[in-house]
Amino acid sequence: MLAVLLVLLTVALVIWRPLGLGPARAATLGAALTLLTGAVHPSELPALWGATWNATLTLVGLITLSLLLDAAGFFRWAALHVARWGGGSGRRLLILLVVFSAGVTAVFANDGGVLILTPIVLELAGLLSLPRPATLAFALAVGFVVDAASLPLTISNLTNIIAADAFRLGFGEYARVMVPVDLAVVLTCLAVLLAVYGRTLPRRYDPAALPDPASAVLSWGVFRAGWAVTPLLLVGAFLAEELRVPLSAVVGLAAGAVWLVAARSGNVRSRAVLRSAPWNVVLFSLAMYTVVSGLRDAGITGTYGAWLAARAEGGTLPGVLASGLSVAGLSAGLNNLPALLTALLGLRESGVTGAARDALLFGAVVGADIGPKLTPIGSLATLLWLHVLRGRGLHVTWGEYLRAGLVLTPPVLLAGLLALWLVLGR
């Protein structure tokens, strides 16, 4: 009971942030209580750090890279082209924004995507003089897709990196399974979003109201560096395992190269971007892993892992559904990071291997990436999305979000899990 209470308390602190506590400080407070009460012994901290450092530093590097490119106008330039390609059709614009958001998320991670794309979509809505319902529809579409479509690569979501690290999945091995699953998820997102918000979207908009995309670029040097570094980043990620190089080193090298170009540019405040990088995510991840480890020491994760392994004995589909749906439910109620960590610890303790392990592991990742969209507290990306909207004057109540999440999430989650079953082999 103590371990469970500590997890619930920590999650509550992260979500509600009393006295202005940020997520990292709130999680650290929970971790400190976990250590002080003996739920986790301090001697376990080195092992916990070993399990989280690569994933969190990779995320920091990705967000730093995306912030540098954003400061140079890279993403605004692309978004303006996307809006022009929409040709004045509201439905076509939604489709293109969903595809654009999925592409940005795949390479620059969901947290970076939500911070960058949400303001851009709101700016587009303002330029096109869209009413609140249409603006909210586009914002919801982007906010939903940056999490739900963060499956294809290990670098697309912190949870993906942690899962891949925990079971030593290579970049290519992970992508071979999850890229087709992500394609199914994106197509389902498009179908559901059009069905739900099709009547809300403007029938026509005026592309002439949009500025020239070139006007969005503030530093052509950083802009060109972004185009050069991004494909090299993907190639390096594929080769990292073979070369025995940590993924964080590959991403850090890419971000460092662009930062050096930005530092020589007079139009990008490179030092300010470096200071604004989410360094506290390293502390947040370690603290959350510490708190969840209390569940392992109390035997709870072992019980959960045994239950998952028993479901997987019935075949790939029962394993995928049991893992994906249970992690999705935990993510919606507790936040996806502690939910996934609980599942990973359980799987490691169960000793499950082979096809059963793949069904449970990949199912857990699908549940952790899509399931959080059921509620506003499911992921930090959603909380960041709500915060950005408030800062831009678009207030979305929790009731509004819950209604949208309960309609959008179940069909997309089910499509992702069924696609995973097909990919892994029936």
# chains A, B, ... in the order shown; residues from 1 in each chain; ligands from 1

call {"tool": "residues_around", "arguments": {"residues": "range 245-259 of chain A", "least_positions_apart": "3", "cutoff": "10 Å", "atoms": "only C-alpha atoms", "output": "PyMOL selection string"}}
result
chain A and resi 53-69+154-155+161+165+170-171+221-226+228-230+232-242+262-265+268-271+273-274

call {"tool": "closest_atom_pairs", "arguments": {"of": "range 156-268 of chain A", "to": "range 136-139 of chain A", "cutoff": "10 Å", "atoms": "only C-alpha atoms", "output": "CSV"}}
result
residue,atom,partner,partner_atom,distance
A:Leu193,CA,A:Ala137,CA,8.5
A:Leu194,CA,A:Ala137,CA,9.8
A:Val196,CA,A:Ala137,CA,9.1
A:Tyr197,CA,A:Ala137,CA,6.3
A:Gly198,CA,A:Ala137,CA,8.9
A:Thr200,CA,A:Ala137,CA,7.1
A:Leu201,CA,A:Ala137,CA,7.2

call {"tool": "write_last_selection", "arguments": {"atoms": "C-alpha atoms", "output": "mmCIF file, in the first residue's frame"}}
result
data_model
loop_
_atom_site.group_PDB
_atom_site.id
_atom_site.type_symbol
_atom_site.label_atom_id
_atom_site.label_comp_id
_atom_site.auth_asym_id
_atom_site.auth_seq_id
_atom_site.Cartn_x
_atom_site.Cartn_y
_atom_site.Cartn_z
ATOM 1 C CA LEU A 193 -10.916 13.606 -37.004
ATOM 2 C CA LEU A 194 -12.738 14.234 -40.279
ATOM 3 C CA VAL A 196 -15.915 14.279 -35.752
ATOM 4 C CA TYR A 197 -14.834 17.766 -36.883
ATOM 5 C CA GLY A 198 -15.639 17.765 -40.605
ATOM 6 C CA THR A 200 -16.703 22.411 -37.937
ATOM 7 C CA LEU A 201 -13.980 23.056 -40.486
#

call {"tool": "atom_distance", "arguments": {"atom1": "CA of Ala328 in chain A", "atom2": "CA of Thr135 in chain A"}}
result
27.9 Å

call {"tool": "closest_residue", "arguments": {"among": "A:Met288, A:Ala419, A:Ile120, A:Val366", "to": "Asn160 in chain A", "atoms": "only C-alpha atoms"}}
result
A:Val366

call {"tool": "select_by_dssp", "arguments": {"residues": "range 201-421 of chain A", "states": "helix (DSSP H, G or I)", "output": "PyMOL selection string"}}
result
chain A and resi 207-209+213-216+220-243+247-264+270-276+280-297+300-312+316-334+336-350+354-374+380-391+398-421

call {"tool": "closest_atom_pairs", "arguments": {"of": "range 151-270 of chain A", "to": "range 352-362 of chain A", "cutoff": "12 Å", "atoms": "only C-alpha atoms", "output": "CSV"}}
result
residue,atom,partner,partner_atom,distance
A:Leu151,CA,A:Phe362,CA,9.7
A:Pro152,CA,A:Phe362,CA,11.3
A:Thr154,CA,A:Phe362,CA,11.5
A:Thr159,CA,A:Phe362,CA,11.1
A:Asn160,CA,A:Phe362,CA,9.2
A:Ile162,CA,A:Leu361,CA,11.3
A:Ala163,CA,A:Leu361,CA,7.5
A:Ala164,CA,A:Leu361,CA,9.1
A:Asp165,CA,A:Leu361,CA,11.8
A:Ala166,CA,A:Leu361,CA,10.0
A:Phe167,CA,A:Leu361,CA,8.7
A:Arg168,CA,A:Leu361,CA,11.6
A:Leu169,CA,A:Asp358,CA,10.3
A:Glu173,CA,A:Asp358,CA,11.2
A:Tyr174,CA,A:Phe362,CA,8.9
A:Ala175,CA,A:Phe362,CA,11.1
A:Arg176,CA,A:Phe362,CA,11.7
A:Val177,CA,A:Phe362,CA,8.4
A:Met178,CA,A:Phe362,CA,8.1
A:Val179,CA,A:Phe362,CA,11.9
A:Val181,CA,A:Phe362,CA,10.2
A:Asp182,CA,A:Phe362,CA,12.0

call {"tool": "residues_around", "arguments": {"residues": "range 44-48 of chain A", "least_positions_apart": "6", "cutoff": "10 Å", "atoms": "only C-alpha atoms", "output": "NGL selection string"}}
result
:A and (35 or 285-290 or 293)

call {"tool": "write_last_selection", "arguments": {"atoms": "N, CA and C atoms", "output": "PDB file, in the first residue's frame"}}
result
ATOM      1  N   LEU A  35      12.530   7.230  -1.076  1.00  0.00           N
ATOM      2  CA  LEU A  35      13.803   6.824  -0.465  1.00  0.00           C
ATOM      3  C   LEU A  35      13.759   6.923   1.055  1.00  0.00           C
ATOM      4  N   SER A 285      12.612  12.077 -15.202  1.00  0.00           N
ATOM      5  CA  SER A 285      12.603  10.670 -15.584  1.00  0.00           C
ATOM      6  C   SER A 285      13.217   9.799 -14.497  1.00  0.00           C
ATOM      7  N   LEU A 286      14.363  10.213 -13.964  1.00  0.00           N
ATOM      8  CA  LEU A 286      15.006   9.446 -12.899  1.00  0.00           C
ATOM      9  C   LEU A 286      14.125   9.377 -11.660  1.00  0.00           C
ATOM     10  N   ALA A 287      13.500  10.497 -11.309  1.00  0.00           N
ATOM     11  CA  ALA A 287      12.642  10.527 -10.122  1.00  0.00           C
ATOM     12  C   ALA A 287      11.435   9.612 -10.284  1.00  0.00           C
ATOM     13  N   MET A 288      10.797   9.655 -11.468  1.00  0.00           N
ATOM     14  CA  MET A 288       9.633   8.800 -11.691  1.00  0.00           C
ATOM     15  C   MET A 288      10.019   7.328 -11.675  1.00  0.00           C
ATOM     16  N   TYR A 289      11.176   6.992 -12.236  1.00  0.00           N
ATOM     17  CA  TYR A 289      11.629   5.603 -12.224  1.00  0.00           C
ATOM     18  C   TYR A 289      11.887   5.148 -10.783  1.00  0.00           C
ATOM     19  N   THR A 290      12.407   6.058  -9.972  1.00  0.00           N
ATOM     20  CA  THR A 290      12.647   5.727  -8.561  1.00  0.00           C
ATOM     21  C   THR A 290      11.337   5.414  -7.845  1.00  0.00           C
ATOM     22  N   SER A 293       9.865   2.145  -9.007  1.00  0.00           N
ATOM     23  CA  SER A 293      10.638   1.005  -8.528  1.00  0.00           C
ATOM     24  C   SER A 293      10.160   0.522  -7.167  1.00  0.00           C
TER      25      SER A 293
END

call {"tool": "residues_around", "arguments": {"residues": "range 77-79 of chain A", "least_positions_apart": "5", "cutoff": "10 Å", "atoms": "only C-alpha atoms", "output": "compact mmCIF listing (two decimals) with N, CA and C atoms, in the first residue's frame"}}
result
# COMPACT_ATOMS: atom_id res chain seq x y z
N ASP A 70 13.16 25.92 -34.87
CA ASP A 70 11.96 26.76 -34.74
C ASP A 70 12.33 28.23 -34.65
N ALA A 72 14.76 29.61 -36.00
CA ALA A 72 15.20 30.05 -37.33
C ALA A 72 14.04 30.15 -38.32
N ARG A 84 -0.69 26.57 -47.87
CA ARG A 84 -0.89 26.93 -49.28
C ARG A 84 -1.29 25.70 -50.09
N TRP A 85 -0.67 24.55 -49.77
CA TRP A 85 -1.02 23.32 -50.48
C TRP A 85 -2.47 22.91 -50.21
N LEU A 96 -3.53 17.68 -44.38
CA LEU A 96 -2.12 18.03 -44.53
C LEU A 96 -1.48 18.37 -43.18
N LEU A 97 -2.21 19.04 -42.29
CA LEU A 97 -1.66 19.35 -40.97
C LEU A 97 -1.43 18.09 -40.14
N PHE A 100 1.65 16.49 -41.62
CA PHE A 100 2.80 17.33 -41.24
C PHE A 100 3.16 17.12 -39.77
N SER A 101 2.16 17.11 -38.90
CA SER A 101 2.39 16.93 -37.46
C SER A 101 2.99 15.54 -37.18
N LEU A 117 4.41 23.08 -32.80
CA LEU A 117 3.31 23.08 -33.75
C LEU A 117 2.06 23.78 -33.24
N ILE A 120 2.09 27.46 -33.95
CA ILE A 120 2.04 27.70 -35.39
C ILE A 120 0.62 27.52 -35.93
N VAL A 121 -0.07 26.49 -35.45
CA VAL A 121 -1.45 26.25 -35.90
C VAL A 121 -2.35 27.39 -35.46
N LEU A 124 -1.74 30.28 -37.76
CA LEU A 124 -2.40 30.08 -39.04
C LEU A 124 -3.89 30.38 -38.94
N PRO A 211 1.17 34.87 -45.55
CA PRO A 211 2.40 35.52 -46.03
C PRO A 211 3.25 34.55 -46.84
N ASP A 212 4.23 35.09 -47.52
CA ASP A 212 5.18 34.27 -48.27
C ASP A 212 5.97 33.40 -47.28
N PRO A 213 6.05 32.08 -47.50
CA PRO A 213 6.78 31.21 -46.56
C PRO A 213 8.22 31.67 -46.31
N ALA A 214 8.86 32.24 -47.32
CA ALA A 214 10.25 32.68 -47.15
C ALA A 214 10.38 33.76 -46.09
N SER A 215 9.30 34.52 -45.86
CA SER A 215 9.34 35.58 -44.86
C SER A 215 9.44 35.03 -43.43
N ALA A 216 9.14 33.74 -43.26
CA ALA A 216 9.20 33.14 -41.92
C ALA A 216 10.62 32.76 -41.53
N VAL A 217 11.52 32.66 -42.49
CA VAL A 217 12.89 32.22 -42.21
C VAL A 217 13.70 33.39 -41.67
N LEU A 218 14.22 33.22 -40.45
CA LEU A 218 15.02 34.27 -39.81
C LEU A 218 16.52 34.02 -39.94
N PHE A 223 18.54 27.29 -41.17
CA PHE A 223 17.53 26.62 -41.99
C PHE A 223 18.17 25.53 -42.85
